[in-house]
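S.K.: Just one file: input_26.pdb, with PDB, C-alpha atoms and all ligand atoms.
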```pdb
ATOM      1  CA  MET A   1      76.479  73.780 142.367
ATOM      2  CA  SER A   2      73.417  75.503 143.750
ATOM      3  CA  LYS A   3      74.074  78.335 146.115
ATOM      4  CA  GLN A   4      72.323  78.248 149.444
ATOM      5  CA  ILE A   5      70.485  81.338 150.661
ATOM      6  CA  LEU A   6      69.182  81.756 154.187
ATOM      7  CA  ILE A   7      66.278  84.169 154.635
ATOM      8  CA  ILE A   8      65.699  85.691 158.065
ATOM      9  CA  GLU A   9      62.402  87.545 157.867
ATOM     10  CA  ASP A  10      59.287  87.616 160.018
ATOM     11  CA  GLU A  11      56.800  88.480 157.260
ATOM     12  CA  LYS A  12      55.428  85.314 155.771
ATOM     13  CA  ASP A  13      54.428  86.953 152.486
ATOM     14  CA  ILE A  14      57.949  88.157 151.862
ATOM     15  CA  ILE A  15      59.423  84.768 152.709
ATOM     16  CA  GLU A  16      57.073  83.161 150.222
ATOM     17  CA  LEU A  17      57.884  85.702 147.525
ATOM     18  CA  LEU A  18      61.599  85.185 148.071
ATOM     19  CA  GLU A  19      61.373  81.406 148.247
ATOM     20  CA  PHE A  20      59.406  81.293 145.034
ATOM     21  CA  ASN A  21      61.725  83.574 143.076
ATOM     22  CA  LEU A  22      64.995  82.273 144.452
ATOM     23  CA  SER A  23      64.205  78.604 143.963
ATOM     24  CA  LYS A  24      62.884  79.338 140.460
ATOM     25  CA  ASN A  25      66.320  80.808 139.756
ATOM     26  CA  GLY A  26      68.205  77.764 140.963
ATOM     27  CA  PHE A  27      69.016  78.745 144.536
ATOM     28  CA  LEU A  28      68.541  76.499 147.536
ATOM     29  CA  VAL A  29      66.509  78.353 150.105
ATOM     30  CA  SER A  30      65.991  77.986 153.820
ATOM     31  CA  SER A  31      64.166  80.445 156.025
ATOM     32  CA  ALA A  32      63.741  81.517 159.610
ATOM     33  CA  GLN A  33      61.047  83.764 161.050
ATOM     34  CA  THR A  34      62.997  84.856 164.092
ATOM     35  CA  GLY A  35      66.541  86.017 164.628
ATOM     36  CA  GLU A  36      67.278  83.192 167.039
ATOM     37  CA  GLU A  37      66.207  80.579 164.532
ATOM     38  CA  GLY A  38      68.202  82.397 161.846
ATOM     39  CA  LEU A  39      71.354  82.292 163.949
ATOM     40  CA  ARG A  40      70.855  78.605 164.571
ATOM     41  CA  LEU A  41      70.363  77.814 160.870
ATOM     42  CA  ALA A  42      73.310  79.984 159.840
ATOM     43  CA  ARG A  43      75.630  78.087 162.162
ATOM     44  CA  LYS A  44      74.205  74.718 161.195
ATOM     45  CA  ASN A  45      73.968  75.079 157.401
ATOM     46  CA  SER A  46      76.663  77.672 156.634
ATOM     47  CA  PRO A  47      74.724  79.230 153.741
ATOM     48  CA  ASP A  48      76.468  81.098 150.901
ATOM     49  CA  LEU A  49      74.517  84.262 151.609
ATOM     50  CA  ILE A  50      72.050  85.583 154.182
ATOM     51  CA  LEU A  51      69.103  87.850 153.453
ATOM     52  CA  LEU A  52      68.345  89.585 156.717
ATOM     53  CA  ASP A  53      65.303  91.673 157.535
ATOM     54  CA  LEU A  54      66.100  94.727 159.622
ATOM     55  CA  MET A  55      62.849  94.841 161.591
ATOM     56  CA  LEU A  56      62.553  91.580 163.451
ATOM     57  CA  PRO A  57      60.776  90.935 166.740
ATOM     58  CA  VAL A  58      62.787  90.239 169.930
ATOM     59  CA  ILE A  59      66.296  90.582 168.486
ATOM     60  CA  ASN A  60      66.400  93.096 165.638
ATOM     61  CA  GLY A  61      68.263  92.651 162.386
ATOM     62  CA  LEU A  62      71.174  94.884 163.340
ATOM     63  CA  ASP A  63      71.925  92.816 166.425
ATOM     64  CA  ILE A  64      71.592  89.605 164.446
ATOM     65  CA  CYS A  65      74.011  91.028 161.896
ATOM     66  CA  LYS A  66      76.516  91.846 164.636
ATOM     67  CA  LEU A  67      76.199  88.365 166.116
ATOM     68  CA  LEU A  68      76.640  86.691 162.731
ATOM     69  CA  LYS A  69      79.652  88.800 161.821
ATOM     70  CA  SER A  70      81.410  88.273 165.132
ATOM     71  CA  ASP A  71      80.963  84.502 165.059
ATOM     72  CA  GLN A  72      83.884  82.605 163.576
ATOM     73  CA  LYS A  73      81.517  80.104 161.963
ATOM     74  CA  THR A  74      79.409  82.705 160.172
ATOM     75  CA  GLY A  75      81.535  85.859 159.966
ATOM     76  CA  HIS A  76      82.568  85.289 156.346
ATOM     77  CA  ILE A  77      79.024  84.868 154.994
ATOM     78  CA  PRO A  78      77.825  87.898 153.021
ATOM     79  CA  ILE A  79      74.745  89.547 154.496
ATOM     80  CA  VAL A  80      72.235  91.525 152.475
ATOM     81  CA  MET A  81      69.817  93.524 154.607
ATOM     82  CA  LEU A  82      66.188  93.985 153.715
ATOM     83  CA  THR A  83      65.024  97.413 154.789
ATOM     84  CA  ALA A  84      61.954  99.602 154.465
ATOM     85  CA  LYS A  85      62.207 102.914 152.621
ATOM     86  CA  ASP A  86      62.336 105.113 155.706
ATOM     87  CA  GLU A  87      65.142 103.242 157.404
ATOM     88  CA  ASP A  88      68.030 105.183 155.850
ATOM     89  CA  ILE A  89      69.914 105.694 159.074
ATOM     90  CA  ASP A  90      69.631 102.019 159.861
ATOM     91  CA  VAL A  91      71.172 101.220 156.493
ATOM     92  CA  VAL A  92      74.334 103.065 157.438
ATOM     93  CA  THR A  93      74.312 101.410 160.848
ATOM     94  CA  GLY A  94      73.845  98.079 159.111
ATOM     95  CA  LEU A  95      76.902  98.645 156.959
ATOM     96  CA  GLU A  96      78.773  99.691 160.070
ATOM     97  CA  VAL A  97      77.988  96.425 161.795
ATOM     98  CA  GLY A  98      79.197  94.471 158.801
ATOM     99  CA  ALA A  99      76.344  93.970 156.331
ATOM    100  CA  ASP A 100      77.626  93.762 152.764
ATOM    101  CA  ASP A 101      74.703  95.315 150.983
ATOM    102  CA  TYR A 102      71.062  96.239 151.406
ATOM    103  CA  ILE A 103      67.853  96.139 149.422
ATOM    104  CA  THR A 104      64.898  98.392 150.032
ATOM    105  CA  LYS A 105      61.385  96.987 150.289
ATOM    106  CA  PRO A 106      59.352  96.758 148.154
ATOM    107  CA  PHE A 107      61.908  95.283 145.795
ATOM    108  CA  SER A 108      61.805  93.784 142.354
ATOM    109  CA  PRO A 109      62.735  90.087 142.552
ATOM    110  CA  LYS A 110      64.711  90.501 139.329
ATOM    111  CA  VAL A 111      66.874  93.273 140.767
ATOM    112  CA  LEU A 112      67.307  91.378 144.006
ATOM    113  CA  ILE A 113      68.494  88.252 142.220
ATOM    114  CA  ALA A 114      70.922  90.231 140.043
ATOM    115  CA  ARG A 115      72.337  91.818 143.167
ATOM    116  CA  LEU A 116      72.738  88.482 144.950
ATOM    117  CA  ARG A 117      74.418  86.973 141.904
ATOM    118  CA  THR A 118      76.954  89.819 141.834
ATOM    119  CA  ILE A 119      77.861  89.280 145.462
ATOM    120  CA  LEU A 120      78.093  85.517 145.069
ATOM    121  CA  ARG A 121      80.190  85.834 141.901
ATOM    122  CA  ARG A 122      82.596  88.088 143.712
ATOM    123  CA  GLN A 123      82.896  85.529 146.511
ATOM    124  CA  SER A 124      83.526  82.596 144.217
ATOM    125  CA  LEU A 125      86.000  84.501 142.020
ATOM    126  CA  GLN A 126      87.964  85.175 145.134
ATOM    127  CA  GLY A 127      87.764  81.513 146.064
ATOM    128  CA  GLU A 128      88.871  80.176 142.692
ATOM    129  CA  GLU A 129      91.714  82.478 141.798
ATOM    130  CA  LYS A 130      94.933  81.387 143.340
ATOM    131  CA  LYS A 131      96.243  84.700 144.440
ATOM    132  CA  GLN A 132      99.477  85.426 146.168
ATOM    133  CA  LEU A 133      99.893  86.434 149.761
ATOM    134  CA  ILE A 134     100.283  90.156 150.198
ATOM    135  CA  LYS A 135     102.565  91.329 152.963
ATOM    136  CA  VAL A 136     102.561  94.991 153.828
ATOM    137  CA  GLY A 137     104.268  95.931 157.049
ATOM    138  CA  PRO A 138     102.727  93.819 159.813
ATOM    139  CA  ILE A 139      99.671  92.956 157.670
ATOM    140  CA  ILE A 140      99.437  89.640 155.810
ATOM    141  CA  ILE A 141      96.528  89.211 153.418
ATOM    142  CA  ASP A 142      95.725  85.745 152.128
ATOM    143  CA  PRO A 143      93.220  86.020 149.271
ATOM    144  CA  GLY A 144      93.038  82.240 148.938
ATOM    145  CA  LYS A 145      91.989  81.684 152.512
ATOM    146  CA  TYR A 146      90.270  85.029 152.810
ATOM    147  CA  THR A 147      92.153  85.940 155.946
ATOM    148  CA  VAL A 148      94.002  88.972 157.187
ATOM    149  CA  VAL A 149      96.602  88.583 159.896
ATOM    150  CA  LEU A 150      97.851  91.607 161.774
ATOM    151  CA  GLU A 151     100.756  91.072 164.135
ATOM    152  CA  ASN A 152      99.969  87.359 164.304
ATOM    153  CA  LYS A 153      96.313  87.979 165.118
ATOM    154  CA  ASN A 154      93.479  87.090 162.791
ATOM    155  CA  LEU A 155      91.326  90.075 161.862
ATOM    156  CA  GLN A 156      87.587  89.510 161.501
ATOM    157  CA  LEU A 157      86.700  91.407 158.336
ATOM    158  CA  THR A 158      83.471  91.350 156.384
ATOM    159  CA  ALA A 159      83.619  90.304 152.737
ATOM    160  CA  THR A 160      83.364  93.938 151.666
ATOM    161  CA  GLU A 161      86.049  95.168 154.042
ATOM    162  CA  PHE A 162      88.294  92.366 152.912
ATOM    163  CA  GLN A 163      87.811  93.249 149.258
ATOM    164  CA  LEU A 164      88.541  96.914 149.932
ATOM    165  CA  LEU A 165      91.718  96.162 151.858
ATOM    166  CA  TYR A 166      92.847  93.630 149.277
ATOM    167  CA  THR A 167      92.229  96.027 146.390
ATOM    168  CA  LEU A 168      94.107  98.888 148.013
ATOM    169  CA  ALA A 169      96.981  96.858 149.468
ATOM    170  CA  LYS A 170      97.653  95.065 146.185
ATOM    171  CA  ARG A 171      98.891  98.330 144.736
ATOM    172  CA  PRO A 172     100.286 100.614 147.397
ATOM    173  CA  GLY A 173     100.431 104.224 146.297
ATOM    174  CA  TRP A 174      97.719 103.869 143.663
ATOM    175  CA  VAL A 175      94.738 106.108 144.154
ATOM    176  CA  TYR A 176      91.312 104.545 143.771
ATOM    177  CA  SER A 177      88.271 106.759 143.434
ATOM    178  CA  ARG A 178      85.195 105.840 145.421
ATOM    179  CA  SER A 179      83.399 104.739 142.279
ATOM    180  CA  GLN A 180      86.303 102.481 141.314
ATOM    181  CA  LEU A 181      86.114 100.949 144.760
ATOM    182  CA  VAL A 182      82.362 100.532 144.414
ATOM    183  CA  ASP A 183      83.007  98.594 141.194
ATOM    184  CA  LYS A 184      85.593  96.424 142.901
ATOM    185  CA  ILE A 185      83.366  95.535 145.780
ATOM    186  CA  ARG A 186      80.038  95.230 144.035
ATOM    187  CA  GLY A 187      80.472  94.564 140.386
ATOM    188  CA  GLU A 188      79.163  97.198 138.060
ATOM    189  CA  ASP A 189      75.505  96.509 137.898
ATOM    190  CA  HIS A 190      74.130  98.541 140.697
ATOM    191  CA  ILE A 191      74.546 101.780 142.438
ATOM    192  CA  ILE A 192      75.684 102.315 145.967
ATOM    193  CA  SER A 193      76.575 105.603 147.542
ATOM    194  CA  ASP A 194      80.081 106.978 148.070
ATOM    195  CA  ARG A 195      79.044 107.370 151.652
ATOM    196  CA  ALA A 196      78.770 103.619 151.988
ATOM    197  CA  VAL A 197      82.377 103.300 150.791
ATOM    198  CA  ASP A 198      83.435 105.845 153.399
ATOM    199  CA  VAL A 199      81.616 103.897 156.095
ATOM    200  CA  GLN A 200      83.329 100.664 155.087
ATOM    201  CA  ILE A 201      86.750 102.348 155.006
ATOM    202  CA  ALA A 202      86.112 103.799 158.469
ATOM    203  CA  ASN A 203      85.264 100.303 159.765
ATOM    204  CA  LEU A 204      88.355  98.888 158.174
ATOM    205  CA  ARG A 205      90.596 101.515 159.726
ATOM    206  CA  LYS A 206      89.060 100.845 163.110
ATOM    207  CA  LYS A 207      89.785  97.141 162.782
ATOM    208  CA  LEU A 208      93.360  97.840 161.708
ATOM    209  CA  GLY A 209      93.828  99.803 164.923
ATOM    210  CA  GLU A 210      97.103 101.682 165.027
ATOM    211  CA  TYR A 211      97.744 100.640 161.418
ATOM    212  CA  GLY A 212      94.482 102.186 160.256
ATOM    213  CA  ASP A 213      96.374 105.110 158.796
ATOM    214  CA  CYS A 214      97.927 102.857 156.161
ATOM    215  CA  ILE A 215      94.733 103.604 154.262
ATOM    216  CA  GLU A 216      95.076 107.231 153.296
ATOM    217  CA  THR A 217      92.352 109.571 152.177
ATOM    218  CA  VAL A 218      93.335 111.449 149.047
ATOM    219  CA  ARG A 219      91.432 114.687 149.142
ATOM    220  CA  GLY A 220      89.020 115.077 146.251
ATOM    221  CA  ALA A 221      90.135 111.803 144.726
ATOM    222  CA  GLY A 222      89.571 108.769 146.927
ATOM    223  CA  TYR A 223      91.771 106.373 148.847
ATOM    224  CA  LYS A 224      95.156 104.759 148.594
ATOM    225  CA  PHE A 225      97.269 102.345 150.542
ATOM    226  CA  LYS A 226     100.345 103.977 152.005
ATOM    227  CA  GLU A 227     103.565 103.168 150.228
ATOM    228  CA  SER A 228     106.154 101.622 152.491
ATOM    229  CA  ASP A 229     109.292 103.631 153.064
TER
HETATM  230 CA    CA B 301      60.021  92.584 159.472
END
```
When written as structure tokens, how does the structure in this file appear?
Ligand code: CA
M.R.:
Amino acid sequence: MSKQILIIEDEKDIIELLEFNLSKNGFLVSSAQTGEEGLRLARKNSPDLILLDLMLPVINGLDICKLLKSDQKTGHIPIVMLTAKDEDIDVVTGLEVGADDYITKPFSPKVLIARLRTILRRQSLQGEEKKQLIKVGPIIIDPGKYTVVLENKNLQLTATEFQLLYTLAKRPGWVYSRSQLVDKIRGEDHIISDRAVDVQIANLRKKLGEYGDCIETVRGAGYKFKESD
């Protein structure tokens, strides 16, 4: 079945470039030129993935990202940010507010499509595989439903945070290097910085609140999920 991509971007040329390349590659595409319209379409159509420009008039991309991620209807949809070269700091902020990945403008449509396919494949693998519930302390992870319950409360995690938690919690005590985690969350066909992994782990710990320390930093090596006593 064709995957549906929503583009939120105010530059008409870029929308056209994306629409052309994405539909040529079998995606269904819808687009919005303002954040407000993007929010509306995201809620209405529940797309499989959102391409979100960082620099939008009125409400900027970061705020749109926050709104999408905190909305129950749209929080699970992966978001890939489109950024300009000099917006490095915003990239980190974007990951902090829940974006799953980013692509720098100008981009090669081929690279962009490969990147989107990786993210979508990861999503659908997770959907298809019937995986068992993981219970660690007060945390219950349901990989089938894509939910994490902590002390009877549903946690709102991004797709990337979920994948990180799931990977680590599946094997408590095992140490994963940052690059192994990058592979787990992104597939192997593109590079993302270790710093981005650290940012995602920091977000995850924050959301886990007092249980945040169940994800331990292993100095010089990476991260592991705390073994229960
Ligand atoms: Ca723009």
S.K.: In Å, rounded to a single decimal, give me how far CA of Leu82 in chain A is from CA of Ile59 in chain A.
M.R.: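 One can read the CA of Ile59 in chain A to CA of Leu82 in chain A distance as 15.2 Å.
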S.K.: Have a look at A:Gly38, A:Pro143, A:Gly26, A:Gly61 and name the one nearest to ligand CA 301 (chain B); count only C-alpha atoms and all ligand atoms.
M.R.: A:Gly61
S.K.: Throw together the list of residues within 7 Å of ligand CA 301 (chain B), counting all atoms listed in the file, and drop it here as a list in words.
M.R.: Glu9, Asp10, Glu11, Asp53, Leu54, Met55 and Leu56 of chain A
S.K.: Which residue out of A:Tyr176, A:Tyr146, A:Tyr102, A:Phe162 has the minimum interatomic distance to Gln132 in chain A when only C-alpha atoms are used?
M.R.: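 Counting only C-alpha atoms, the residue closest to Gln132 in chain A is A:Tyr146.
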S.K.: Exactly which residues make up the result of the PyMOL selection byres (((chain A and resi 1) around 10) and not hetatm) on this file, given as a VMD selection string?
M.R.: chain A and resid 2 to 4 26 to 28
S.K.: Could you list the residues chosen by the PyMOL selection byres (((chain A and resi 37) around 12) and not hetatm) in this structure as a count of residues only?
M.R.: 25
S.K.: Would you work out the distance separating CA of Pro172 in chain A from CA of Lys224 in chain A, expressed in Å to one decimal?
M.R.: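 Answer for the CA of Pro172 in chain A to CA of Lys224 in chain A separation: 6.7 Å.
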S.K.: Could you work out an axis-aligned bounding box for all listed atoms of range 200-206 of chain A, with 6 Å added on each of the six sides, and give its centre and edge lengths in Å to one decimal, as JSON?
M.R.:
```
{"center_x": 87.0, "center_y": 101.3, "center_z": 159.1, "size_x": 19.3, "size_y": 16.9, "size_z": 20.1}
```
S.K.: List the residues selected by the PyMOL selection byres (((chain A and resi 92) around 12) and not hetatm) in the file shown, writing them as a PyMOL selection string.
M.R.: chain A and resi 54+62+81+83+87-91+93-102+192-200+202-203
S.K.: Using only C-alpha atoms and a cutoff of 10 Å, can you tell me which residues are near (93.4, 90.9, 160.5) in the file's coordinates, and write them out as a list in words?
M.R.: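 Collected hits near the coordinates: Pro138, Ile139, Ile140, Ile141, Thr147, Val148, Val149, Leu150, Glu151, Asn152, Lys153, Asn154, Leu155, Gln156, Leu157, Phe162, Leu204, Lys207, Leu208 and Gly209 of chain A.
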